[in-house]
>>> print(open('data_32.tsv').read())   # TSV, C-alpha atoms
chain	number	residue	atom	x	y	z
A	1	MET	CA	-23.64	7.54	-13.72
A	2	SER	CA	-24.37	9.22	-10.42
A	3	GLN	CA	-25.88	6.08	-8.93
A	4	LEU	CA	-22.64	4.19	-9.54
A	5	THR	CA	-20.50	3.96	-6.45
A	6	HIS	CA	-16.81	3.50	-6.01
A	7	PRO	CA	-15.88	-0.22	-5.81
A	8	MET	CA	-14.00	0.36	-2.55
A	9	GLU	CA	-17.20	1.50	-0.87
A	10	SER	CA	-17.64	-1.87	0.84
A	11	ILE	CA	-14.43	-1.34	2.80
A	12	LEU	CA	-13.90	2.41	2.98
A	13	ARG	CA	-16.08	5.08	4.54
A	14	MET	CA	-16.69	7.16	1.44
A	15	ASN	CA	-18.81	9.65	3.35
A	16	ARG	CA	-15.61	10.80	5.10
A	17	MET	CA	-14.00	11.70	1.77
A	18	PRO	CA	-12.20	13.84	0.80
A	19	HIS	CA	-9.64	12.75	3.37
A	20	ILE	CA	-7.11	14.96	5.16
A	21	TRP	CA	-4.03	13.90	3.20
A	22	CYS	CA	-2.27	16.45	1.00
A	23	PRO	CA	-2.50	16.44	-2.79
A	24	GLY	CA	0.19	14.06	-4.05
A	25	CYS	CA	0.41	12.09	-0.81
A	26	GLY	CA	0.51	8.34	-1.39
A	27	ILE	CA	-1.22	7.14	1.77
A	28	GLY	CA	-4.56	7.00	-0.02
A	29	THR	CA	-3.00	4.71	-2.62
A	30	ALA	CA	-1.58	2.50	0.14
A	31	MET	CA	-5.08	2.33	1.63
A	32	THR	CA	-6.47	1.26	-1.74
A	33	ALA	CA	-3.88	-1.52	-1.77
A	34	LEU	CA	-5.08	-2.64	1.67
A	35	ALA	CA	-8.71	-2.65	0.56
A	36	GLU	CA	-7.83	-4.51	-2.62
A	37	ALA	CA	-5.76	-7.06	-0.68
A	38	LEU	CA	-8.63	-7.62	1.77
A	39	ASN	CA	-10.95	-8.15	-1.19
A	40	LYS	CA	-8.55	-10.62	-2.77
A	41	THR	CA	-7.96	-12.72	0.34
A	42	GLN	CA	-11.73	-13.07	0.90
A	43	ILE	CA	-11.24	-12.92	4.66
A	44	PRO	CA	-14.68	-12.30	6.23
A	45	LEU	CA	-14.72	-8.59	6.99
A	46	ASP	CA	-16.08	-9.06	10.49
A	47	LYS	CA	-12.96	-11.06	11.29
A	48	VAL	CA	-10.61	-8.21	10.39
A	49	ALA	CA	-9.45	-5.48	12.74
A	50	VAL	CA	-7.36	-2.51	11.67
A	51	VAL	CA	-5.22	-0.76	14.27
A	52	SER	CA	-3.42	2.52	13.65
A	53	GLY	CA	-1.26	4.78	15.71
A	54	ILE	CA	-0.83	8.52	15.54
A	55	GLY	CA	0.22	10.46	12.47
A	56	CYS	CA	-0.99	10.99	8.96
A	57	THR	CA	-1.14	7.24	8.36
A	58	GLY	CA	-2.92	6.79	11.67
A	59	ARG	CA	-6.01	8.27	10.09
A	60	VAL	CA	-6.48	5.06	8.10
A	61	ALA	CA	-8.28	3.48	11.06
A	62	GLY	CA	-10.96	6.12	10.75
A	63	TYR	CA	-11.44	5.70	7.03
A	64	VAL	CA	-11.95	1.93	6.87
A	65	LYS	CA	-15.42	0.49	7.34
A	66	LEU	CA	-14.10	-2.31	9.55
A	67	ASP	CA	-13.50	-2.79	13.24
A	68	SER	CA	-10.70	-0.36	13.82
A	69	PHE	CA	-8.95	1.50	16.57
A	70	HIS	CA	-6.85	4.62	16.60
A	71	THR	CA	-4.42	4.06	19.45
A	72	THR	CA	-2.10	6.40	21.32
A	73	HIS	CA	1.25	7.25	19.80
A	74	GLY	CA	3.41	4.20	19.10
A	75	ARG	CA	1.07	1.74	20.78
A	76	ALA	CA	-0.58	0.25	17.72
A	77	ILE	CA	1.37	-3.03	17.99
A	78	PRO	CA	0.74	-3.63	21.73
A	79	PHE	CA	-2.96	-3.00	21.15
A	80	ALA	CA	-2.95	-5.36	18.18
A	81	THR	CA	-1.10	-7.97	20.24
A	82	GLY	CA	-3.80	-7.77	22.89
A	83	LEU	CA	-6.54	-8.06	20.28
A	84	LYS	CA	-4.94	-11.08	18.71
A	85	LEU	CA	-4.38	-12.85	22.02
A	86	ALA	CA	-7.87	-12.14	23.32
A	87	ASN	CA	-9.51	-13.27	20.11
A	88	PRO	CA	-7.15	-15.47	18.06
A	89	GLU	CA	-9.71	-15.80	15.28
A	90	LEU	CA	-9.25	-12.15	14.31
A	91	LYS	CA	-6.97	-11.12	11.49
A	92	VAL	CA	-5.26	-8.11	13.01
A	93	VAL	CA	-3.79	-5.52	10.68
A	94	VAL	CA	-1.56	-2.72	11.92
A	95	PHE	CA	-1.44	0.15	9.47
A	96	SER	CA	0.72	2.99	10.65
A	97	GLY	CA	3.57	5.27	9.80
A	98	ASP	CA	7.30	5.03	10.31
A	99	GLY	CA	7.37	7.59	13.10
A	100	ASP	CA	4.69	5.72	14.97
A	101	LEU	CA	5.92	2.16	14.46
A	102	VAL	CA	9.68	2.42	14.71
A	103	ALA	CA	10.35	5.65	16.58
A	104	ILE	CA	7.92	5.92	19.44
A	105	GLY	CA	6.82	2.31	19.09
A	106	GLY	CA	10.21	0.87	18.09
A	107	ASN	CA	10.47	-1.31	21.16
A	108	HIS	CA	7.04	-2.83	20.59
A	109	PHE	CA	7.90	-3.42	16.96
A	110	ILE	CA	11.03	-5.47	17.60
A	111	HIS	CA	9.41	-7.45	20.38
A	112	ALA	CA	6.35	-8.32	18.34
A	113	ALA	CA	8.71	-9.50	15.58
A	114	ARG	CA	10.80	-11.45	18.08
A	115	ARG	CA	7.75	-13.21	19.51
A	116	ASN	CA	6.39	-13.71	16.00
A	117	MET	CA	2.95	-12.40	16.90
A	118	ASP	CA	0.48	-13.39	14.21
A	119	ILE	CA	-0.27	-9.86	12.96
A	120	ALA	CA	0.29	-8.08	9.66
A	121	VAL	CA	2.14	-4.79	10.00
A	122	PHE	CA	2.00	-2.34	7.12
A	123	CYS	CA	4.34	0.58	7.67
A	124	VAL	CA	4.00	3.63	5.45
A	125	ASN	CA	7.46	5.15	5.28
A	126	ASN	CA	7.58	8.75	4.13
A	127	PHE	CA	10.95	9.54	5.73
A	128	THR	CA	9.61	12.27	8.00
A	129	TYR	CA	7.06	13.17	10.65
A	130	GLY	CA	4.36	14.51	8.40
A	131	MET	CA	1.56	15.53	10.73
A	132	THR	CA	3.67	17.41	13.26
A	133	GLY	CA	5.55	19.50	10.72
A	134	GLY	CA	8.41	17.58	9.12
A	135	GLN	CA	10.78	16.80	11.98
A	136	LEU	CA	13.68	14.37	11.72
A	137	ALA	CA	12.40	10.80	11.79
A	138	PRO	CA	14.43	7.65	12.45
A	139	THR	CA	14.10	6.87	8.75
A	140	THR	CA	15.28	10.23	7.36
A	141	PRO	CA	18.32	9.48	5.20
A	142	PRO	CA	21.26	11.86	5.71
A	143	PRO	CA	21.79	14.54	4.53
A	144	ALA	CA	18.10	15.27	3.92
A	145	THR	CA	16.87	18.40	5.61
A	146	SER	CA	13.98	18.49	8.02
A	147	THR	CA	12.62	21.24	10.27
A	148	THR	CA	14.79	20.03	13.16
A	149	THR	CA	17.89	19.50	11.02
A	150	PRO	CA	17.95	22.57	8.76
A	151	TYR	CA	21.57	21.90	7.72
A	152	GLY	CA	20.88	18.27	6.88
A	153	ALA	CA	20.36	15.10	8.87
A	154	TYR	CA	23.48	13.42	10.24
A	155	GLU	CA	22.04	10.43	12.09
A	156	GLN	CA	22.20	6.89	10.77
A	157	PRO	CA	18.60	5.95	9.82
A	158	PHE	CA	16.89	2.64	10.47
A	159	ASN	CA	16.76	0.11	7.69
A	160	LEU	CA	13.25	-1.11	8.47
A	161	ALA	CA	13.45	-4.30	6.43
A	162	HIS	CA	16.69	-5.31	8.15
A	163	LEU	CA	15.27	-4.39	11.55
A	164	ALA	CA	12.24	-6.62	11.03
A	165	ASP	CA	14.33	-9.41	9.51
A	166	SER	CA	16.89	-9.49	12.29
A	167	ALA	CA	14.22	-9.28	14.98
A	168	GLY	CA	12.68	-12.43	13.51
A	169	ALA	CA	9.73	-11.45	11.31
A	170	SER	CA	8.23	-14.22	9.16
A	171	TYR	CA	7.59	-12.07	6.12
A	172	VAL	CA	9.40	-8.89	5.08
A	173	ALA	CA	8.81	-6.92	1.91
A	174	ARG	CA	9.32	-3.38	0.71
A	175	TRP	CA	7.44	-1.64	-2.08
A	176	THR	CA	6.63	1.88	-3.09
A	177	VAL	CA	3.08	3.07	-3.70
A	178	LEU	CA	3.93	3.28	-7.38
A	179	HIS	CA	4.32	-0.52	-7.56
A	180	ILE	CA	0.70	-0.82	-6.65
A	181	ARG	CA	-0.06	-4.26	-8.07
A	182	ARG	CA	3.02	-5.83	-6.57
A	183	LEU	CA	2.27	-4.08	-3.30
A	184	THR	CA	-1.27	-5.46	-3.32
A	185	LYS	CA	0.04	-8.96	-4.00
A	186	SER	CA	2.56	-8.61	-1.21
A	187	MET	CA	-0.14	-7.40	1.19
A	188	THR	CA	-2.28	-10.39	0.23
A	189	GLU	CA	0.60	-12.71	1.05
A	190	ALA	CA	1.26	-10.87	4.30
A	191	LEU	CA	-2.40	-11.19	5.32
A	192	GLN	CA	-2.35	-14.92	4.62
A	193	LYS	CA	1.01	-15.51	6.25
A	194	LYS	CA	1.03	-17.00	9.71
A	195	GLY	CA	3.31	-14.98	11.94
A	196	PHE	CA	4.67	-11.47	12.01
A	197	SER	CA	4.50	-10.11	8.48
A	198	PHE	CA	5.91	-6.72	7.69
A	199	VAL	CA	5.48	-4.68	4.53
A	200	GLU	CA	7.26	-1.36	4.23
A	201	ILE	CA	5.44	0.99	1.88
A	202	ILE	CA	7.55	3.85	0.60
A	203	CYS	CA	5.30	6.80	0.06
A	204	PRO	CA	5.77	10.35	-1.18
A	205	CYS	CA	5.33	13.20	1.29
A	206	PRO	CA	5.38	16.17	-1.07
A	207	THR	CA	4.56	18.83	1.49
A	208	LEU	CA	7.26	18.13	4.05
A	209	TYR	CA	9.84	15.79	2.54
A	210	GLY	CA	9.88	15.99	-1.24
A	211	ARG	CA	9.56	19.72	-1.63
A	212	ARG	CA	11.97	20.49	1.20
A	213	ASN	CA	14.58	18.16	-0.28
A	214	ARG	CA	14.18	19.26	-3.87
A	215	ILE	CA	12.66	16.00	-5.02
A	216	GLY	CA	9.53	17.85	-6.00
A	217	ASP	CA	5.82	17.35	-5.63
A	218	GLY	CA	4.03	14.02	-5.33
A	219	LEU	CA	4.14	13.28	-9.00
A	220	GLN	CA	7.85	14.03	-9.24
A	221	GLU	CA	8.50	11.84	-6.22
A	222	MET	CA	6.63	9.02	-7.97
A	223	GLN	CA	8.78	9.60	-11.06
A	224	PHE	CA	11.82	9.38	-8.81
A	225	TYR	CA	10.64	5.96	-7.62
A	226	ARG	CA	10.02	4.85	-11.16
A	227	ASP	CA	13.55	5.81	-12.19
A	228	ASN	CA	15.38	4.63	-9.10
A	229	CYS	CA	13.71	1.47	-7.79
A	230	ILE	CA	15.37	-1.87	-8.33
A	231	ILE	CA	13.32	-5.00	-7.75
A	232	GLN	CA	15.50	-7.59	-6.07
A	233	HIS	CA	13.59	-10.42	-4.44
A	234	GLY	CA	15.37	-12.19	-1.62
A	235	ALA	CA	18.05	-9.51	-1.32
A	236	ASP	CA	20.20	-9.57	1.79
A	237	THR	CA	18.43	-7.09	4.04
A	238	ARG	CA	21.76	-5.86	5.46
A	239	THR	CA	22.61	-4.32	2.14
A	240	ILE	CA	19.41	-2.48	1.33
A	241	ASP	CA	19.69	0.77	3.26
A	242	ILE	CA	17.78	3.63	1.72
A	243	LYS	CA	20.19	6.44	0.94
A	244	PHE	CA	19.32	9.99	0.06
A	245	ARG	CA	18.40	10.42	-3.62
A	246	ASP	CA	19.86	7.03	-4.44
A	247	LYS	CA	18.66	3.70	-5.77
A	248	ILE	CA	16.01	2.00	-3.66
A	249	VAL	CA	16.00	-1.79	-3.52
A	250	ILE	CA	12.46	-3.14	-3.30
A	251	GLY	CA	10.98	-6.61	-3.36
A	252	LYS	CA	10.09	-9.50	-1.11
A	253	PHE	CA	13.08	-10.18	1.10
A	254	VAL	CA	12.04	-12.72	3.72
A	255	ASP	CA	9.39	-15.45	3.71
A	256	ARG	CA	10.07	-18.11	6.32
A	257	GLU	CA	8.25	-20.37	8.72
A	258	ARG	CA	8.65	-19.89	12.45
A	259	PRO	CA	6.32	-20.93	15.27
A	260	THR	CA	4.08	-18.04	16.20
A	261	PHE	CA	3.70	-16.81	19.77
A	262	LEU	CA	0.57	-18.89	20.38
A	263	ASP	CA	2.07	-22.00	18.75
A	264	ALA	CA	5.16	-21.73	20.89
A	265	LEU	CA	3.06	-21.14	24.02
A	266	ASN	CA	0.84	-24.14	23.31
A	267	SER	CA	3.65	-26.52	22.47
A	268	ARG	CA	5.68	-25.49	25.52
A	269	LEU	CA	2.79	-25.88	27.94
A	270	LEU	CA	1.63	-29.13	26.35
A	271	GLU	CA	5.12	-30.48	26.81
A	272	ALA	CA	5.30	-29.30	30.40
A	273	LEU	CA	1.75	-30.06	31.54
A	274	GLY	CA	0.60	-32.81	29.21
A	275	ASN	CA	-3.11	-33.58	29.33
A	276	ARG	CA	-3.81	-31.00	31.99
A	277	TYR	CA	-3.36	-28.25	29.42
A	278	GLU	CA	-5.97	-27.32	26.88
A	279	PRO	CA	-4.41	-25.53	23.88
A	280	TYR	CA	-5.45	-21.90	23.59
A	281	GLY	CA	-6.59	-20.16	20.46
A	282	LYS	CA	-7.18	-22.98	18.02
A	283	VAL	CA	-8.11	-20.99	14.92
A	284	THR	CA	-11.03	-22.60	13.19
A	285	GLU	CA	-10.86	-22.56	9.43
A	286	ASN	CA	-12.81	-19.57	8.26
A	287	ALA	CA	-15.56	-20.10	5.78
A	288	ASP	CA	-15.67	-17.88	2.74
A	289	ARG	CA	-17.08	-14.41	3.05
A	290	ASN	CA	-20.91	-14.50	3.39
B	1	MET	CA	7.83	0.91	-34.43
B	2	GLN	CA	6.32	-2.44	-33.63
B	3	PHE	CA	8.33	-5.26	-32.11
B	4	TRP	CA	5.65	-7.90	-32.11
B	5	ARG	CA	4.05	-9.95	-34.80
B	6	ARG	CA	0.35	-9.91	-35.35
B	7	PRO	CA	-1.21	-12.88	-33.51
B	8	LEU	CA	-2.72	-15.51	-35.77
B	9	ASP	CA	-5.97	-15.51	-33.81
B	10	ALA	CA	-6.23	-11.73	-33.87
B	11	ASP	CA	-9.79	-11.82	-35.15
B	12	THR	CA	-11.05	-13.73	-32.14
B	13	ILE	CA	-9.23	-11.89	-29.32
B	14	GLN	CA	-11.60	-10.20	-26.91
B	15	VAL	CA	-10.17	-6.84	-25.92
B	16	PRO	CA	-11.73	-5.47	-22.75
B	17	ARG	CA	-13.06	-1.94	-22.79
B	18	GLY	CA	-13.63	0.26	-19.80
B	19	GLU	CA	-15.82	3.17	-18.92
B	20	ILE	CA	-14.16	5.78	-16.73
B	21	HIS	CA	-16.06	7.46	-13.92
B	22	ILE	CA	-14.52	10.54	-12.32
B	23	LEU	CA	-15.76	11.95	-9.02
B	24	SER	CA	-14.34	15.37	-9.75
B	25	GLU	CA	-15.30	16.95	-6.42
B	26	GLN	CA	-12.99	14.52	-4.59
B	27	CYS	CA	-10.00	15.12	-6.87
B	28	LYS	CA	-6.98	17.03	-5.57
B	29	GLY	CA	-5.27	17.26	-8.93
B	30	CYS	CA	-2.17	15.19	-8.12
B	31	GLY	CA	-1.96	13.94	-11.70
B	32	PHE	CA	-1.06	10.31	-10.92
B	33	CYS	CA	-3.82	8.94	-13.15
B	34	VAL	CA	-2.88	11.18	-16.06
B	35	GLU	CA	0.83	10.37	-15.81
B	36	TYR	CA	0.55	6.60	-15.44
B	37	CYS	CA	-2.36	5.73	-17.73
B	38	PRO	CA	-0.71	3.28	-20.14
B	39	ARG	CA	-3.05	4.27	-22.97
B	40	GLU	CA	-2.85	8.02	-22.27
B	41	VAL	CA	-6.61	8.22	-22.03
B	42	LEU	CA	-6.74	10.92	-19.39
B	43	LYS	CA	-5.64	14.53	-19.28
B	44	LEU	CA	-6.08	17.31	-16.74
B	45	SER	CA	-9.06	19.46	-17.61
B	46	ASP	CA	-9.10	23.23	-17.66
B	47	SER	CA	-12.13	23.43	-15.39
B	48	TYR	CA	-11.95	23.76	-11.63
B	49	ASN	CA	-13.71	21.76	-8.99
B	50	LYS	CA	-15.08	23.23	-5.76
B	51	LYS	CA	-11.66	23.14	-4.09
B	52	GLY	CA	-9.88	24.79	-7.00
B	53	TYR	CA	-8.10	21.77	-8.43
B	54	HIS	CA	-8.15	20.63	-12.03
B	55	PRO	CA	-9.79	17.18	-12.12
B	56	PRO	CA	-8.82	14.76	-14.92
B	57	LEU	CA	-10.85	14.33	-18.04
B	58	ALA	CA	-11.27	11.18	-20.11
B	59	ALA	CA	-10.05	12.60	-23.39
B	60	LYS	CA	-9.74	9.39	-25.41
B	61	VAL	CA	-12.57	7.34	-23.95
B	62	ASP	CA	-12.41	4.64	-26.60
B	63	ASP	CA	-8.78	3.80	-25.82
B	64	CYS	CA	-9.45	2.64	-22.26
B	65	VAL	CA	-8.72	-1.08	-21.89
B	66	HIS	CA	-10.04	-1.44	-18.31
B	67	CYS	CA	-6.62	-2.00	-16.71
B	68	GLN	CA	-7.83	-0.10	-13.62
B	69	LEU	CA	-4.40	1.37	-12.89
B	70	CYS	CA	-5.89	4.85	-12.43
B	71	GLU	CA	-8.41	3.44	-9.97
B	72	LEU	CA	-5.65	1.77	-7.94
B	73	LEU	CA	-3.23	4.70	-8.05
B	74	CYS	CA	-5.72	7.45	-7.22
B	75	PRO	CA	-5.04	8.48	-3.61
B	76	GLU	CA	-8.39	10.25	-3.38
B	77	PHE	CA	-10.70	7.41	-4.50
B	78	ALA	CA	-11.94	9.82	-7.13
B	79	ILE	CA	-11.75	7.68	-10.26
B	80	PHE	CA	-12.95	4.20	-11.09
B	81	VAL	CA	-13.48	2.10	-14.16
B	82	THR	CA	-16.28	-0.28	-14.98
B	83	PRO	CA	-16.11	-2.87	-17.74
B	84	LYS	CA	-17.92	-1.88	-20.87
B	85	VAL	CA	-19.77	-4.60	-22.75
B	86	PRO	CA	-19.45	-5.79	-25.35
B	87	SER	CA	-15.68	-5.85	-25.49
B	88	VAL	CA	-14.15	-5.35	-28.87
B	89	VAL	CA	-13.36	-8.46	-30.88
B	90	GLY	CA	-10.14	-8.34	-32.80
B	91	ILE	CA	-7.30	-5.93	-32.33
B	92	PRO	CA	-8.70	-2.42	-32.31
B	93	VAL	CA	-6.89	0.60	-33.62
B	94	ASP	CA	-6.40	3.55	-31.30
B	95	THR	CA	-6.53	7.24	-32.13
B	96	ARG	CA	-2.86	7.23	-33.16
B	97	GLY	CA	-3.65	4.62	-35.77
B	98	GLU	CA	-1.64	1.95	-33.96
B	99	GLU	CA	-2.99	-1.43	-33.04
B	100	VAL	CA	-3.78	-1.71	-29.36
B	101	MET	CA	-1.93	-4.64	-27.81
B	102	VAL	CA	-3.20	-5.81	-24.46
B	103	GLY	CA	-1.35	-8.22	-22.19
B	104	GLU	CA	-2.97	-10.65	-19.81
B	105	SER	CA	-4.82	-8.92	-17.06
>>> encode(input="data_32.tsv", output="structure tokens")
Amino acid sequence: MSQLTHPMESILRMNRMPHIWCPGCGIGTAMTALAEALNKTQIPLDKVAVVSGIGCTGRVAGYVKLDSFHTTHGRAIPFATGLKLANPELKVVVFSGDGDLVAIGGNHFIHAARRNMDIAVFCVNNFTYGMTGGQLAPTTPPPATSTTTPYGAYEQPFNLAHLADSAGASYVARWTVLHIRRLTKSMTEALQKKGFSFVEIICPCPTLYGRRNRIGDGLQEMQFYRDNCIIQHGADTRTIDIKFRDKIVIGKFVDRERPTFLDALNSRLLEALGNRYEPYGKVTENADRN
Amino acid sequence: MQFWRRPLDADTIQVPRGEIHILSEQCKGCGFCVEYCPREVLKLSDSYNKKGYHPPLAAKVDDCVHCQLCELLCPEFAIFVTPKVPSVVGIPVDTRGEEVMVGES
């Protein structure tokens, strides 16, 4: 039995385990979903790059056995954009937290969605800044308490799915880590989708969100998701705000075709310059893994 | 109470079986696997690992149908399931005396 190894060993650095995440935290589960999705899509692993920002979720870049980079705070998407443009054959995955992607990196997020950069963005949303001590995040639903709002939050939070949808993302979905098989399927679709694909992963943060807001530990937060999630595919993203201790609408909301940044660039320049222009970044069809 | 009829080809159905492997030193005792195992195979053990958590224990090993939900849900990569051959032919009976019904994987 001891010679048997974990099936995720081909993608994850098992010698770094146990990881830093708290007991009951769901980021590890989200990482399993990523590894499983990469296995399912059969993308050659040397053609995948994982980019993370700062925060608890930012540690994912260090735990995957792929080309990965742990960028400065909020700059995961600009780095991924650069990677994709320099080497269009790469499948670039951004795996980061809500504080990193939509607070500090909010501007980059909407502009990557607007340009329809061909990257997959997986955002782990735990409604707080976990690593720095539970401060108010742009996703904290009022009136949840955080260390910087001890009497309850009073700011309107971002609805990430609506933000991505209205900025022009090609694929938008939201799942919790409890819906692991659906999440994996959604990640597979996002990885295969051409254009900006965004999957919001709702994840328990027992230490700094659940316990502080009387939802409980990780397991109780998972039970909360089980009791309160409503699967509604194609729901209008304007109506699916996440409210405090209320029903959460999950599902696949947007799946549409739009020209990606490189497609738009090539077609514009071909139209303007004609034969003098050689299209950039023609992605050759990848052979199967091995 | 059972809401389904017994399939006519019950004698020929191959029911997968799984063997559970637990890396107890990696476990942080979150209890996801125990709570969400559809066959209630696992339970938290009374023993401690090096970090002082209670790792899970495969209590009803023969009930495992290799659905791999524990493997997917475990945030610590501390549990995995391998298929056990041969799989059982016909509908097996679990420890509660009920017939085990398995959907499509």
>>> interface_residues(input="data_32.tsv", of="chain B", to="chain A", cutoff="10 Å", atoms="only C-alpha atoms", output="PyMOL selection string")
chain B and resi 21-23+25-33+35-36+53+69+71-82
>>> atom_distance(input="data_32.tsv", atom1="atom CA of A:Leu269", atom2="atom CA of A:Arg114")
19.2 Å
>>> residues_near_point(input="data_32.tsv", point="(9.4, 9.3, 12.1)", cutoff="12 Å", atoms="only C-alpha atoms", output="ChimeraX atom specification")
/A:54-57,73-74,96-106,123-141,146,157-158,160,209
>>> residues_around(input="data_32.tsv", residues="A:Phe79", least_positions_apart="5", cutoff="9 Å", atoms="only C-alpha atoms", output="list in words")
Val51, Phe69, Thr71 and Lys84 of chain A
>>> atom_distance(input="data_32.tsv", atom1="atom CA of A:His70", atom2="atom CA of A:Gly53")
5.7 Å
>>> axis_aligned_box(input="data_32.tsv", around="stretch 229-246 of chain A", padding_each_side="5 Å", output="JSON")
{"center_x": 18.0, "center_y": -0.9, "center_z": -1.4, "size_x": 19.3, "size_y": 32.6, "size_z": 23.8}
>>> atom_distance(input="data_32.tsv", atom1="atom CA of A:Glu257", atom2="atom CA of A:Ala49")
23.5 Å
>>> decode(input="data_32.tsv", residues="stretch 8-29 of chain B", atoms="C-alpha atoms", output="PDB file, in the first residue's frame")
ATOM      1  CA  LEU B   8     -34.388  -7.549 -14.686  1.00  0.00           C
ATOM      2  CA  ASP B   9     -30.705  -7.996 -15.500  1.00  0.00           C
ATOM      3  CA  ALA B  10     -29.667  -7.696 -11.868  1.00  0.00           C
ATOM      4  CA  ASP B  11     -27.632 -10.881 -12.016  1.00  0.00           C
ATOM      5  CA  THR B  12     -25.352  -9.547 -14.722  1.00  0.00           C
ATOM      6  CA  ILE B  13     -24.742  -5.992 -13.447  1.00  0.00           C
ATOM      7  CA  GLN B  14     -21.103  -5.333 -12.647  1.00  0.00           C
ATOM      8  CA  VAL B  15     -20.887  -3.238  -9.501  1.00  0.00           C
ATOM      9  CA  PRO B  16     -17.528  -1.530  -9.114  1.00  0.00           C
ATOM     10  CA  ARG B  17     -15.696  -1.899  -5.843  1.00  0.00           C
ATOM     11  CA  GLY B  18     -13.033   0.383  -4.503  1.00  0.00           C
ATOM     12  CA  GLU B  19     -10.133   0.115  -2.141  1.00  0.00           C
ATOM     13  CA  ILE B  20      -9.585   3.194   0.011  1.00  0.00           C
ATOM     14  CA  HIS B  21      -6.094   4.453   0.755  1.00  0.00           C
ATOM     15  CA  ILE B  22      -5.673   7.050   3.484  1.00  0.00           C
ATOM     16  CA  LEU B  23      -2.480   9.061   3.912  1.00  0.00           C
ATOM     17  CA  SER B  24      -3.236   9.809   7.540  1.00  0.00           C
ATOM     18  CA  GLU B  25      -0.212  12.038   8.145  1.00  0.00           C
ATOM     19  CA  GLN B  26      -1.534  14.553   5.596  1.00  0.00           C
ATOM     20  CA  CYS B  27      -5.049  14.669   7.038  1.00  0.00           C
ATOM     21  CA  LYS B  28      -6.238  17.785   8.878  1.00  0.00           C
ATOM     22  CA  GLY B  29      -9.465  16.231  10.096  1.00  0.00           C
TER      23      GLY B  29
END
